[in-house]
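File shown: input-v5.cif (mmCIF, C-alpha atoms).
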```
data_input
loop_
_atom_site.group_PDB
_atom_site.id
_atom_site.type_symbol
_atom_site.label_atom_id
_atom_site.label_comp_id
_atom_site.auth_asym_id
_atom_site.auth_seq_id
_atom_site.Cartn_x
_atom_site.Cartn_y
_atom_site.Cartn_z
ATOM 1 C CA MET M 1 248.634 92.449 133.199
ATOM 2 C CA SER M 2 246.112 95.066 134.169
ATOM 3 C CA GLY M 3 242.472 94.812 133.206
ATOM 4 C CA PRO M 4 240.079 97.357 131.700
ATOM 5 C CA SER M 5 240.221 100.846 133.139
ATOM 6 C CA ASN M 6 236.498 101.517 133.518
ATOM 7 C CA THR M 7 233.220 99.645 133.585
ATOM 8 C CA SER M 8 232.402 100.497 129.964
ATOM 9 C CA ASP M 9 235.452 98.452 128.917
ATOM 10 C CA TRP M 10 234.287 95.290 130.661
ATOM 11 C CA PRO M 11 233.639 92.515 128.125
ATOM 12 C CA THR M 12 230.408 90.715 127.387
ATOM 13 C CA PHE M 13 230.286 86.931 127.187
ATOM 14 C CA SER M 14 227.984 84.797 125.068
ATOM 15 C CA PHE M 15 226.488 81.472 126.144
ATOM 16 C CA ILE M 16 226.549 78.863 123.417
ATOM 17 C CA GLY M 17 223.262 77.085 124.203
ATOM 18 C CA ILE M 18 223.006 73.713 122.441
ATOM 19 C CA PRO M 19 224.970 73.790 119.155
ATOM 20 C CA GLY M 20 222.988 72.771 116.090
ATOM 21 C CA LEU M 21 219.658 72.827 117.907
ATOM 22 C CA GLU M 22 219.086 76.553 118.184
ATOM 23 C CA ALA M 23 215.769 76.356 116.338
ATOM 24 C CA ALA M 24 214.465 73.842 118.883
ATOM 25 C CA HIS M 25 215.461 75.768 121.999
ATOM 26 C CA MET M 26 211.860 76.548 122.917
ATOM 27 C CA TRP M 27 210.953 72.856 122.830
ATOM 28 C CA ILE M 28 214.140 71.885 124.655
ATOM 29 C CA SER M 29 213.185 74.324 127.405
ATOM 30 C CA ILE M 30 210.200 72.137 128.359
ATOM 31 C CA PRO M 31 212.199 69.164 129.714
ATOM 32 C CA PHE M 32 214.718 71.559 131.265
ATOM 33 C CA CYS M 33 211.925 73.358 133.121
ATOM 34 C CA LEU M 34 210.494 70.061 134.324
ATOM 35 C CA LEU M 35 213.902 68.880 135.517
ATOM 36 C CA TYR M 36 214.507 72.137 137.382
ATOM 37 C CA LEU M 37 211.053 71.946 138.988
ATOM 38 C CA VAL M 38 211.655 68.359 140.113
ATOM 39 C CA ALA M 39 215.106 69.267 141.453
ATOM 40 C CA LEU M 40 213.837 72.317 143.355
ATOM 41 C CA GLY M 41 210.737 70.556 144.647
ATOM 42 C CA GLY M 42 212.588 67.409 145.702
ATOM 43 C CA ASN M 43 215.228 69.268 147.678
ATOM 44 C CA ILE M 44 212.669 71.552 149.316
ATOM 45 C CA VAL M 45 210.671 68.486 150.391
ATOM 46 C CA LEU M 46 213.817 66.938 151.892
ATOM 47 C CA LEU M 47 214.532 70.113 153.848
ATOM 48 C CA LEU M 48 210.962 70.270 155.148
ATOM 49 C CA LEU M 49 210.999 66.597 156.135
ATOM 50 C CA VAL M 50 214.256 66.872 158.064
ATOM 51 C CA ARG M 51 212.974 69.948 159.864
ATOM 52 C CA ALA M 52 209.521 68.575 160.684
ATOM 53 C CA GLU M 53 210.181 64.904 161.487
ATOM 54 C CA GLN M 54 211.664 64.139 164.886
ATOM 55 C CA SER M 55 212.842 60.735 163.616
ATOM 56 C CA LEU M 56 215.097 62.507 161.100
ATOM 57 C CA HIS M 57 216.850 64.643 163.710
ATOM 58 C CA GLU M 58 220.044 62.632 163.377
ATOM 59 C CA PRO M 59 223.500 63.621 162.067
ATOM 60 C CA GLN M 60 223.165 61.742 158.769
ATOM 61 C CA PHE M 61 219.936 63.570 157.953
ATOM 62 C CA TYR M 62 221.318 66.926 159.046
ATOM 63 C CA PHE M 63 224.071 66.377 156.485
ATOM 64 C CA LEU M 64 221.401 65.377 153.974
ATOM 65 C CA ALA M 65 219.624 68.683 154.638
ATOM 66 C CA MET M 66 222.906 70.515 154.039
ATOM 67 C CA LEU M 67 223.298 68.590 150.787
ATOM 68 C CA ALA M 68 219.758 69.527 149.733
ATOM 69 C CA LEU M 69 220.406 73.187 150.567
ATOM 70 C CA THR M 70 223.579 73.128 148.463
ATOM 71 C CA ASP M 71 221.728 71.491 145.581
ATOM 72 C CA LEU M 72 219.081 74.214 145.763
ATOM 73 C CA GLY M 73 221.820 76.817 145.509
ATOM 74 C CA LEU M 74 223.375 75.092 142.493
ATOM 75 C CA SER M 75 220.030 74.865 140.712
ATOM 76 C CA LEU M 76 219.219 78.516 141.381
ATOM 77 C CA SER M 77 222.709 79.563 140.251
ATOM 78 C CA THR M 78 222.440 77.986 136.796
ATOM 79 C CA MET M 79 218.690 78.301 136.169
ATOM 80 C CA PRO M 80 218.642 82.030 135.165
ATOM 81 C CA SER M 81 221.211 81.691 132.364
ATOM 82 C CA VAL M 82 219.935 78.312 131.111
ATOM 83 C CA LEU M 83 216.302 79.382 130.902
ATOM 84 C CA ALA M 84 217.229 82.802 129.494
ATOM 85 C CA ILE M 85 218.849 81.018 126.556
ATOM 86 C CA PHE M 86 215.959 78.658 125.891
ATOM 87 C CA TRP M 87 213.029 80.976 126.675
ATOM 88 C CA PHE M 88 214.143 84.407 125.528
ATOM 89 C CA ASP M 89 217.115 83.640 123.262
ATOM 90 C CA ILE M 90 219.296 85.793 125.530
ATOM 91 C CA HIS M 91 222.888 84.645 125.157
ATOM 92 C CA ASP M 92 224.882 87.633 126.426
ATOM 93 C CA VAL M 93 226.009 88.264 129.988
ATOM 94 C CA GLY M 94 228.193 90.965 131.513
ATOM 95 C CA LEU M 95 231.453 90.317 133.302
ATOM 96 C CA ASP M 96 230.156 91.035 136.828
ATOM 97 C CA ALA M 97 227.132 88.771 136.436
ATOM 98 C CA CYS M 98 229.297 86.040 134.919
ATOM 99 C CA LEU M 99 231.875 86.217 137.699
ATOM 100 C CA THR M 100 229.148 86.122 140.351
ATOM 101 C CA GLN M 101 227.531 83.053 138.826
ATOM 102 C CA MET M 102 230.918 81.380 138.421
ATOM 103 C CA PHE M 103 231.823 81.992 142.062
ATOM 104 C CA PHE M 104 228.579 80.507 143.380
ATOM 105 C CA ILE M 105 228.744 77.479 141.074
ATOM 106 C CA HIS M 106 232.311 76.587 142.033
ATOM 107 C CA THR M 107 231.860 77.394 145.714
ATOM 108 C CA LEU M 108 228.662 75.356 146.046
ATOM 109 C CA SER M 109 230.251 72.460 144.152
ATOM 110 C CA SER M 110 233.130 72.525 146.632
ATOM 111 C CA VAL M 111 230.689 72.693 149.559
ATOM 112 C CA GLU M 112 228.772 69.711 148.195
ATOM 113 C CA SER M 113 231.978 67.717 147.926
ATOM 114 C CA GLY M 114 232.794 68.620 151.536
ATOM 115 C CA VAL M 115 229.334 67.577 152.714
ATOM 116 C CA LEU M 116 229.779 64.214 150.970
ATOM 117 C CA VAL M 117 232.986 63.771 152.978
ATOM 118 C CA ALA M 118 231.107 64.583 156.184
ATOM 119 C CA MET M 119 228.458 62.022 155.259
ATOM 120 C CA ALA M 120 231.167 59.422 154.595
ATOM 121 C CA PHE M 121 232.645 60.177 158.027
ATOM 122 C CA ASP M 122 229.188 59.742 159.562
ATOM 123 C CA ARG M 123 228.816 56.285 157.975
ATOM 124 C CA LEU M 124 232.387 55.375 158.946
ATOM 125 C CA VAL M 125 231.752 56.111 162.613
ATOM 126 C CA ALA M 126 228.306 54.464 162.564
ATOM 127 C CA ILE M 127 229.682 51.173 161.214
ATOM 128 C CA CYS M 128 233.232 51.046 162.565
ATOM 129 C CA ALA M 129 232.640 52.639 165.997
ATOM 130 C CA PRO M 130 228.879 52.347 166.699
ATOM 131 C CA LEU M 131 229.282 52.542 170.488
ATOM 132 C CA ASN M 132 230.984 55.944 170.169
ATOM 133 C CA TYR M 133 228.644 57.303 167.490
ATOM 134 C CA THR M 134 226.580 59.592 169.713
ATOM 135 C CA ARG M 135 229.690 60.837 171.485
ATOM 136 C CA ILE M 136 231.550 61.674 168.256
ATOM 137 C CA LEU M 137 228.714 62.854 165.984
ATOM 138 C CA THR M 138 227.222 65.529 168.234
ATOM 139 C CA HIS M 139 225.263 68.561 167.044
ATOM 140 C CA GLN M 140 228.391 70.626 167.500
ATOM 141 C CA THR M 141 230.363 68.231 165.284
ATOM 142 C CA VAL M 142 227.704 68.450 162.567
ATOM 143 C CA VAL M 143 227.810 72.255 162.661
ATOM 144 C CA CYS M 144 231.612 72.307 162.599
ATOM 145 C CA LEU M 145 231.892 69.903 159.650
ATOM 146 C CA SER M 146 229.226 71.734 157.655
ATOM 147 C CA GLY M 147 230.750 75.115 158.474
ATOM 148 C CA ALA M 148 234.216 73.886 157.522
ATOM 149 C CA ALA M 149 232.943 72.746 154.111
ATOM 150 C CA LEU M 150 231.360 76.162 153.524
ATOM 151 C CA ILE M 151 234.343 78.191 154.729
ATOM 152 C CA ARG M 152 236.821 76.073 152.764
ATOM 153 C CA GLY M 153 234.880 76.500 149.524
ATOM 154 C CA ALA M 154 234.313 80.237 149.912
ATOM 155 C CA THR M 155 237.901 80.947 151.019
ATOM 156 C CA LEU M 156 239.674 78.904 148.355
ATOM 157 C CA LEU M 157 237.498 80.069 145.474
ATOM 158 C CA ALA M 158 237.112 83.748 146.389
ATOM 159 C CA PRO M 159 240.304 84.746 144.480
ATOM 160 C CA LEU M 160 239.067 83.290 141.169
ATOM 161 C CA PRO M 161 236.893 86.285 140.137
ATOM 162 C CA PHE M 162 239.729 88.669 141.008
ATOM 163 C CA PHE M 163 242.177 86.683 138.876
ATOM 164 C CA LEU M 164 239.852 86.928 135.882
ATOM 165 C CA ARG M 165 239.372 90.674 136.398
ATOM 166 C CA THR M 166 243.087 91.254 135.820
ATOM 167 C CA PHE M 167 242.927 89.982 132.234
ATOM 168 C CA PRO M 168 241.608 91.560 129.058
ATOM 169 C CA PHE M 169 239.442 89.291 126.931
ATOM 170 C CA CYS M 170 239.893 88.953 123.197
ATOM 171 C CA GLY M 171 237.806 87.559 120.378
ATOM 172 C CA ALA M 172 234.145 86.607 120.421
ATOM 173 C CA ASN M 173 234.152 85.612 124.130
ATOM 174 C CA THR M 174 231.835 82.678 123.441
ATOM 175 C CA LEU M 175 231.502 80.331 126.412
ATOM 176 C CA SER M 176 231.236 76.581 125.907
ATOM 177 C CA HIS M 177 228.524 76.137 128.538
ATOM 178 C CA SER M 178 225.112 77.502 129.430
ATOM 179 C CA TYR M 179 226.693 79.049 132.519
ATOM 180 C CA CYS M 180 229.986 80.666 133.528
ATOM 181 C CA TYR M 181 232.753 78.170 134.287
ATOM 182 C CA TYR M 182 236.236 79.184 135.439
ATOM 183 C CA PRO M 183 238.398 77.104 133.039
ATOM 184 C CA ASP M 184 236.128 78.143 130.179
ATOM 185 C CA MET M 185 236.541 81.853 130.981
ATOM 186 C CA LEU M 186 240.266 81.448 131.551
ATOM 187 C CA ASN M 187 240.655 80.028 128.028
ATOM 188 C CA LEU M 188 239.213 83.262 126.640
ATOM 189 C CA ALA M 189 241.587 85.529 128.550
ATOM 190 C CA CYS M 190 244.520 87.211 126.824
ATOM 191 C CA GLY M 191 247.938 87.236 128.416
ATOM 192 C CA ASP M 192 249.830 84.867 130.678
ATOM 193 C CA VAL M 193 247.298 82.832 132.691
ATOM 194 C CA THR M 194 249.840 80.427 134.187
ATOM 195 C CA VAL M 195 249.421 81.564 137.799
ATOM 196 C CA SER M 196 245.625 81.587 137.558
ATOM 197 C CA SER M 197 245.620 78.159 135.930
ATOM 198 C CA ILE M 198 247.909 76.714 138.597
ATOM 199 C CA TYR M 199 245.763 78.179 141.377
ATOM 200 C CA GLY M 200 242.662 76.650 139.801
ATOM 201 C CA LEU M 201 244.428 73.273 139.762
ATOM 202 C CA VAL M 202 245.430 73.711 143.413
ATOM 203 C CA CYS M 203 241.778 74.399 144.299
ATOM 204 C CA VAL M 204 240.712 71.199 142.562
ATOM 205 C CA LEU M 205 243.386 69.167 144.336
ATOM 206 C CA CYS M 206 242.598 70.697 147.746
ATOM 207 C CA THR M 207 238.870 70.071 147.401
ATOM 208 C CA PHE M 208 237.662 67.378 145.027
ATOM 209 C CA ALA M 209 240.842 65.271 144.944
ATOM 210 C CA VAL M 210 241.360 65.261 148.729
ATOM 211 C CA ASP M 211 237.651 64.637 149.321
ATOM 212 C CA ALA M 212 237.557 61.748 146.850
ATOM 213 C CA ILE M 213 240.558 60.120 148.534
ATOM 214 C CA PHE M 214 238.942 60.420 151.971
ATOM 215 C CA ILE M 215 235.673 58.941 150.706
ATOM 216 C CA VAL M 216 237.485 56.001 149.085
ATOM 217 C CA VAL M 217 239.519 55.366 152.247
ATOM 218 C CA SER M 218 236.333 55.531 154.335
ATOM 219 C CA TYR M 219 234.607 52.917 152.212
ATOM 220 C CA VAL M 220 237.651 50.653 152.233
ATOM 221 C CA LYS M 221 237.616 50.858 156.035
ATOM 222 C CA ILE M 222 233.844 50.224 156.145
ATOM 223 C CA LEU M 223 234.116 47.176 153.869
ATOM 224 C CA GLY M 224 237.044 45.860 155.894
ATOM 225 C CA THR M 225 235.071 46.189 159.123
ATOM 226 C CA VAL M 226 231.992 44.451 157.693
ATOM 227 C CA MET M 227 234.053 41.592 156.227
ATOM 228 C CA LYS M 228 236.023 41.223 159.446
ATOM 229 C CA LEU M 229 232.845 40.840 161.483
ATOM 230 C CA GLY M 230 231.494 38.210 159.072
ATOM 231 C CA ILE M 231 228.632 38.155 156.604
ATOM 232 C CA GLN M 232 225.654 38.491 158.887
ATOM 233 C CA ASP M 233 222.268 40.092 158.353
ATOM 234 C CA ARG M 234 223.071 42.863 160.805
ATOM 235 C CA ASN M 235 226.351 43.657 159.070
ATOM 236 C CA TRP M 236 224.777 43.666 155.627
ATOM 237 C CA LYS M 237 222.064 45.980 156.922
ATOM 238 C CA SER M 238 224.737 48.319 158.243
ATOM 239 C CA LEU M 239 226.520 48.221 154.904
ATOM 240 C CA GLN M 240 223.292 48.922 153.033
ATOM 241 C CA THR M 241 222.883 52.193 154.948
ATOM 242 C CA CYS M 242 225.795 53.413 152.799
ATOM 243 C CA ALA M 243 223.926 52.716 149.550
ATOM 244 C CA CYS M 244 222.273 56.154 149.373
ATOM 245 C CA HIS M 245 225.513 57.966 150.082
ATOM 246 C CA PHE M 246 227.493 55.855 147.609
ATOM 247 C CA CYS M 247 224.922 56.544 144.862
ATOM 248 C CA THR M 248 225.105 60.263 145.667
ATOM 249 C CA VAL M 249 228.901 60.185 145.429
ATOM 250 C CA LEU M 250 228.693 58.550 141.992
ATOM 251 C CA VAL M 251 226.045 61.038 140.821
ATOM 252 C CA PHE M 252 228.307 63.926 141.861
ATOM 253 C CA TYR M 253 231.778 62.729 140.847
ATOM 254 C CA LEU M 254 231.129 60.871 137.576
ATOM 255 C CA PRO M 255 229.771 63.931 135.682
ATOM 256 C CA LEU M 256 232.482 66.086 137.302
ATOM 257 C CA ILE M 257 235.271 63.772 136.118
ATOM 258 C CA SER M 258 233.681 63.380 132.678
ATOM 259 C CA LEU M 259 233.420 67.159 132.249
ATOM 260 C CA ALA M 260 237.044 67.612 133.326
ATOM 261 C CA VAL M 261 238.204 65.020 130.768
ATOM 262 C CA LEU M 262 236.105 66.584 128.008
ATOM 263 C CA HIS M 263 237.428 70.047 128.898
ATOM 264 C CA ARG M 264 240.969 68.717 128.611
ATOM 265 C CA TYR M 265 240.254 67.499 125.083
ATOM 266 C CA THR M 266 237.896 70.249 123.934
ATOM 267 C CA GLN M 267 239.260 70.362 120.411
ATOM 268 C CA GLU M 268 238.511 66.680 119.807
ATOM 269 C CA THR M 269 235.112 66.726 121.554
ATOM 270 C CA SER M 270 231.771 67.144 119.814
ATOM 271 C CA PRO M 271 230.270 70.516 120.861
ATOM 272 C CA LEU M 272 226.901 68.833 121.376
ATOM 273 C CA LEU M 273 228.412 66.199 123.690
ATOM 274 C CA TYR M 274 230.422 68.813 125.560
ATOM 275 C CA THR M 275 227.393 71.062 126.133
ATOM 276 C CA THR M 276 225.188 68.138 127.139
ATOM 277 C CA MET M 277 227.771 66.902 129.653
ATOM 278 C CA SER M 278 228.153 70.382 131.136
ATOM 279 C CA ASN M 279 224.395 70.586 131.724
ATOM 280 C CA VAL M 280 224.331 67.077 133.186
ATOM 281 C CA TYR M 281 227.110 68.052 135.603
ATOM 282 C CA LEU M 282 225.105 70.756 137.369
ATOM 283 C CA LEU M 283 221.540 69.588 136.764
ATOM 284 C CA MET M 284 221.543 65.859 137.443
ATOM 285 C CA THR M 285 223.059 66.046 140.930
ATOM 286 C CA PRO M 286 220.296 68.284 142.410
ATOM 287 C CA LEU M 287 217.743 66.217 140.485
ATOM 288 C CA LEU M 288 218.870 62.719 141.470
ATOM 289 C CA ASN M 289 219.910 63.202 145.097
ATOM 290 C CA PRO M 290 216.329 63.591 146.428
ATOM 291 C CA LEU M 291 215.158 60.697 144.245
ATOM 292 C CA VAL M 292 217.945 58.414 145.501
ATOM 293 C CA TYR M 293 217.124 59.065 149.143
ATOM 294 C CA SER M 294 213.378 58.849 148.538
ATOM 295 C CA LEU M 295 213.765 55.431 146.915
ATOM 296 C CA LYS M 296 216.515 53.929 149.076
ATOM 297 C CA SER M 297 216.188 55.413 152.576
ATOM 298 C CA ARG M 298 213.722 53.664 154.873
ATOM 299 C CA GLN M 299 213.498 56.666 157.219
ATOM 300 C CA ILE M 300 212.855 59.121 154.383
ATOM 301 C CA GLN M 301 210.174 56.848 152.960
ATOM 302 C CA ALA M 302 208.507 56.570 156.359
ATOM 303 C CA ALA M 303 208.513 60.364 156.703
ATOM 304 C CA LEU M 304 207.082 60.788 153.196
ATOM 305 C CA SER M 305 204.375 58.250 153.977
ATOM 306 C CA LYS M 306 203.488 60.046 157.204
ATOM 307 C CA ARG M 307 203.433 63.563 155.746
ATOM 308 C CA PHE M 308 202.189 63.016 152.206
ATOM 309 C CA GLY M 309 200.686 59.537 152.181
ATOM 310 C CA VAL M 310 203.395 58.279 149.804
ATOM 311 C CA GLN M 311 203.530 54.490 149.830
ATOM 312 C CA ARG M 312 206.918 53.001 150.631
ATOM 313 C CA VAL M 313 208.705 51.404 147.700
ATOM 314 C CA VAL M 314 211.082 49.094 149.522
ATOM 315 C CA ALA M 315 210.820 47.312 152.812
ATOM 316 C CA GLY M 316 214.127 48.415 154.175
ATOM 317 C CA GLU M 317 217.211 50.398 153.496
#
```
Now, as a test, write the supplied structure out as structure tokens.
Amino acid sequence: MSGPSNTSDWPTFSFIGIPGLEAAHMWISIPFCLLYLVALGGNIVLLLLVRAEQSLHEPQFYFLAMLALTDLGLSLSTMPSVLAIFWFDIHDVGLDACLTQMFFIHTLSSVESGVLVAMAFDRLVAICAPLNYTRILTHQTVVCLSGAALIRGATLLAPLPFFLRTFPFCGANTLSHSYCYYPDMLNLACGDVTVSSIYGLVCVLCTFAVDAIFIVVSYVKILGTVMKLGIQDRNWKSLQTCACHFCTVLVFYLPLISLAVLHRYTQETSPLLYTTMSNVYLLMTPLLNPLVYSLKSRQIQAALSKRFGVQRVVAGE
């Protein structure tokens, strides 16, 4: 089915904000602004630390810098529409702007998932093959893994905006989130969306599902190696180096899975719960990742103490 014939026919979409709390949007904007500031500041600090500290010039921290850069992109992708709703009561967005935001949100989410896989591989090699760590995890390997995550996300998700452009949109075109989300926009399209829906499912399976399986397999292998070597202080210390990464995986995947389940049962879900979960999905990950590494990583704490005089919270990792 062909889409609109000229730009004047392109539809306008409306963000829903927080249902039932429209009168309190200005007050709600205060915690949202604080959360965005903490997320942006925390990830910028991580990037600066990894760049400035020689002790952090290791593969695991290069991947952490890539994760922080991705989180910055996610925060900056959603911040304009979220704050426009709460600050200026602007709920409408054009098709081009919506498609652009949607592409960056989905692509950066895919990149983040890929970086988490790279970090799991880093921990797998460090614990299961420590003697070969420096030979396997070279600078070239780090660049290749990071580049692969970026290329995979951009390549797989590039067709999504073009799919949506082929459909006319009917009705009020009210989105269920404070940002543009592919399944949400697809539900508003008129016509047969079977192919587009199947392709979206394929993207999910080729990114998040495959990545989750690899991460689980990596941790099973890590646990098996630690248990095989016996419960010793050195082995527990090696296992504890995975704590930050494991927390980051949970922070990323739990809201993602919850949002997917809620989206599947939209009709039976409270609009307030659905909107809250959608904001948690894209806001909490950039917010919590820097906090997790600042609280749990001995090297990050040492770098913070050196650069900013921040006292270390824990004695070790």
**Message:** Distance cut-off 10 Å, centre (230.2, 65.7, 136.2) in file coordinates, counting only C-alpha atoms: which residues qualify? Return them as a PyMOL selection string.
**Reply:** chain M and resi 250-261+277-285
Residue subset to file, keeping C-alpha atoms, as an mmCIF file, keeping the file's coordinate frame:
```cif
data_model
loop_
_atom_site.group_PDB
_atom_site.id
_atom_site.type_symbol
_atom_site.label_atom_id
_atom_site.label_comp_id
_atom_site.auth_asym_id
_atom_site.auth_seq_id
_atom_site.Cartn_x
_atom_site.Cartn_y
_atom_site.Cartn_z
ATOM 1 C CA LEU M 250 228.693 58.550 141.992
ATOM 2 C CA VAL M 251 226.045 61.038 140.821
ATOM 3 C CA PHE M 252 228.307 63.926 141.861
ATOM 4 C CA TYR M 253 231.778 62.729 140.847
ATOM 5 C CA LEU M 254 231.129 60.871 137.576
ATOM 6 C CA PRO M 255 229.771 63.931 135.682
ATOM 7 C CA LEU M 256 232.482 66.086 137.302
ATOM 8 C CA ILE M 257 235.271 63.772 136.118
ATOM 9 C CA SER M 258 233.681 63.380 132.678
ATOM 10 C CA LEU M 259 233.420 67.159 132.249
ATOM 11 C CA ALA M 260 237.044 67.612 133.326
ATOM 12 C CA VAL M 261 238.204 65.020 130.768
ATOM 13 C CA MET M 277 227.771 66.902 129.653
ATOM 14 C CA SER M 278 228.153 70.382 131.136
ATOM 15 C CA ASN M 279 224.395 70.586 131.724
ATOM 16 C CA VAL M 280 224.331 67.077 133.186
ATOM 17 C CA TYR M 281 227.110 68.052 135.603
ATOM 18 C CA LEU M 282 225.105 70.756 137.369
ATOM 19 C CA LEU M 283 221.540 69.588 136.764
ATOM 20 C CA MET M 284 221.543 65.859 137.443
ATOM 21 C CA THR M 285 223.059 66.046 140.930
#
```
**Request:** In Å, rounded to a single decimal, give me how far atom CA of M:Arg152 is from atom CA of M:Cys180.
**Result:** 20.9 Å
**Request:** Given the file shown, determine the residues that the PyMOL selection byres ((chain M and resi 69) around 12) selects; report them as a PyMOL selection string.
**Result:** chain M and resi 39-48+50+62-68+70-76+108-109+111-112+115+146+150+286+289-290
**Request:** Name the residues that the PyMOL selection byres ((chain M and resi 177) around 7) picks from the file above, as a ChimeraX atom specification, using the file's chain letters and numbers.
**Result:** /M:15-17,175-176,178-180,275,278
**Request:** Taking the file above as input, evaluate the PyMOL selection byres ((chain M and resi 126-129) around 9) and report the hits as a VMD selection string.
**Result:** chain M and resid 121 to 125 130 to 134 221 to 222 225 to 226 235 238 to 239
**Prompt:** Counting only C-alpha atoms, which of M:Leu288, M:Ala120, M:Leu160, M:Cys247 gets nearest to M:Val216?
**Reply:** M:Ala120
**Interatomic distance, atom CA of M:Ser14 to atom CA of M:Pro159 (Å, one decimal)** = 23.0 Å
Could I get stretch 182-198 of chain M from the block written as a PDB file, in the first residue's frame, with N, CA and C atoms?
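What landed in selection_27.pdb:
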```pdb
ATOM      1  N   TYR M 182       8.573   1.709  17.591  1.00  0.00           N
ATOM      2  CA  TYR M 182       8.136   1.053  16.352  1.00  0.00           C
ATOM      3  C   TYR M 182       6.830   0.264  16.496  1.00  0.00           C
ATOM      4  N   PRO M 183       6.710  -0.670  17.460  1.00  0.00           N
ATOM      5  CA  PRO M 183       5.442  -1.402  17.569  1.00  0.00           C
ATOM      6  C   PRO M 183       4.254  -0.485  17.819  1.00  0.00           C
ATOM      7  N   ASP M 184       4.482   0.582  18.576  1.00  0.00           N
ATOM      8  CA  ASP M 184       3.426   1.540  18.870  1.00  0.00           C
ATOM      9  C   ASP M 184       2.951   2.224  17.597  1.00  0.00           C
ATOM     10  N   MET M 185       3.890   2.658  16.748  1.00  0.00           N
ATOM     11  CA  MET M 185       3.529   3.315  15.492  1.00  0.00           C
ATOM     12  C   MET M 185       2.890   2.331  14.525  1.00  0.00           C
ATOM     13  N   LEU M 186       3.372   1.097  14.533  1.00  0.00           N
ATOM     14  CA  LEU M 186       2.831   0.090  13.629  1.00  0.00           C
ATOM     15  C   LEU M 186       1.367  -0.208  13.961  1.00  0.00           C
ATOM     16  N   ASN M 187       1.006  -0.147  15.233  1.00  0.00           N
ATOM     17  CA  ASN M 187      -0.384  -0.379  15.634  1.00  0.00           C
ATOM     18  C   ASN M 187      -1.329   0.693  15.109  1.00  0.00           C
ATOM     19  N   LEU M 188      -0.791   1.866  14.802  1.00  0.00           N
ATOM     20  CA  LEU M 188      -1.615   2.968  14.309  1.00  0.00           C
ATOM     21  C   LEU M 188      -1.747   2.971  12.796  1.00  0.00           C
ATOM     22  N   ALA M 189      -0.954   2.144  12.126  1.00  0.00           N
ATOM     23  CA  ALA M 189      -0.962   2.141  10.661  1.00  0.00           C
ATOM     24  C   ALA M 189      -2.188   1.412  10.131  1.00  0.00           C
ATOM     25  N   CYS M 190      -2.686   1.896   8.985  1.00  0.00           N
ATOM     26  CA  CYS M 190      -3.802   1.243   8.307  1.00  0.00           C
ATOM     27  C   CYS M 190      -3.251   0.312   7.220  1.00  0.00           C
ATOM     28  N   GLY M 191      -3.945  -0.758   6.984  1.00  0.00           N
ATOM     29  CA  GLY M 191      -3.502  -1.687   5.953  1.00  0.00           C
ATOM     30  C   GLY M 191      -2.871  -2.928   6.543  1.00  0.00           C
ATOM     31  N   ASP M 192      -2.339  -3.757   5.677  1.00  0.00           N
ATOM     32  CA  ASP M 192      -1.731  -5.027   6.084  1.00  0.00           C
ATOM     33  C   ASP M 192      -0.294  -4.780   6.544  1.00  0.00           C
ATOM     34  N   VAL M 193      -0.044  -4.961   7.837  1.00  0.00           N
ATOM     35  CA  VAL M 193       1.285  -4.708   8.409  1.00  0.00           C
ATOM     36  C   VAL M 193       2.006  -6.015   8.720  1.00  0.00           C
ATOM     37  N   THR M 194       1.561  -7.111   8.122  1.00  0.00           N
ATOM     38  CA  THR M 194       2.125  -8.421   8.458  1.00  0.00           C
ATOM     39  C   THR M 194       3.627  -8.484   8.202  1.00  0.00           C
ATOM     40  N   VAL M 195       4.049  -8.050   7.011  1.00  0.00           N
ATOM     41  CA  VAL M 195       5.473  -8.119   6.664  1.00  0.00           C
ATOM     42  C   VAL M 195       6.300  -7.254   7.607  1.00  0.00           C
ATOM     43  N   SER M 196       5.824  -6.037   7.864  1.00  0.00           N
ATOM     44  CA  SER M 196       6.551  -5.135   8.761  1.00  0.00           C
ATOM     45  C   SER M 196       6.616  -5.692  10.171  1.00  0.00           C
ATOM     46  N   SER M 197       5.535  -6.310  10.617  1.00  0.00           N
ATOM     47  CA  SER M 197       5.503  -6.891  11.957  1.00  0.00           C
ATOM     48  C   SER M 197       6.462  -8.067  12.062  1.00  0.00           C
ATOM     49  N   ILE M 198       6.484  -8.902  11.025  1.00  0.00           N
ATOM     50  CA  ILE M 198       7.389 -10.056  11.025  1.00  0.00           C
ATOM     51  C   ILE M 198       8.839  -9.590  11.005  1.00  0.00           C
TER      52      ILE M 198
END
```
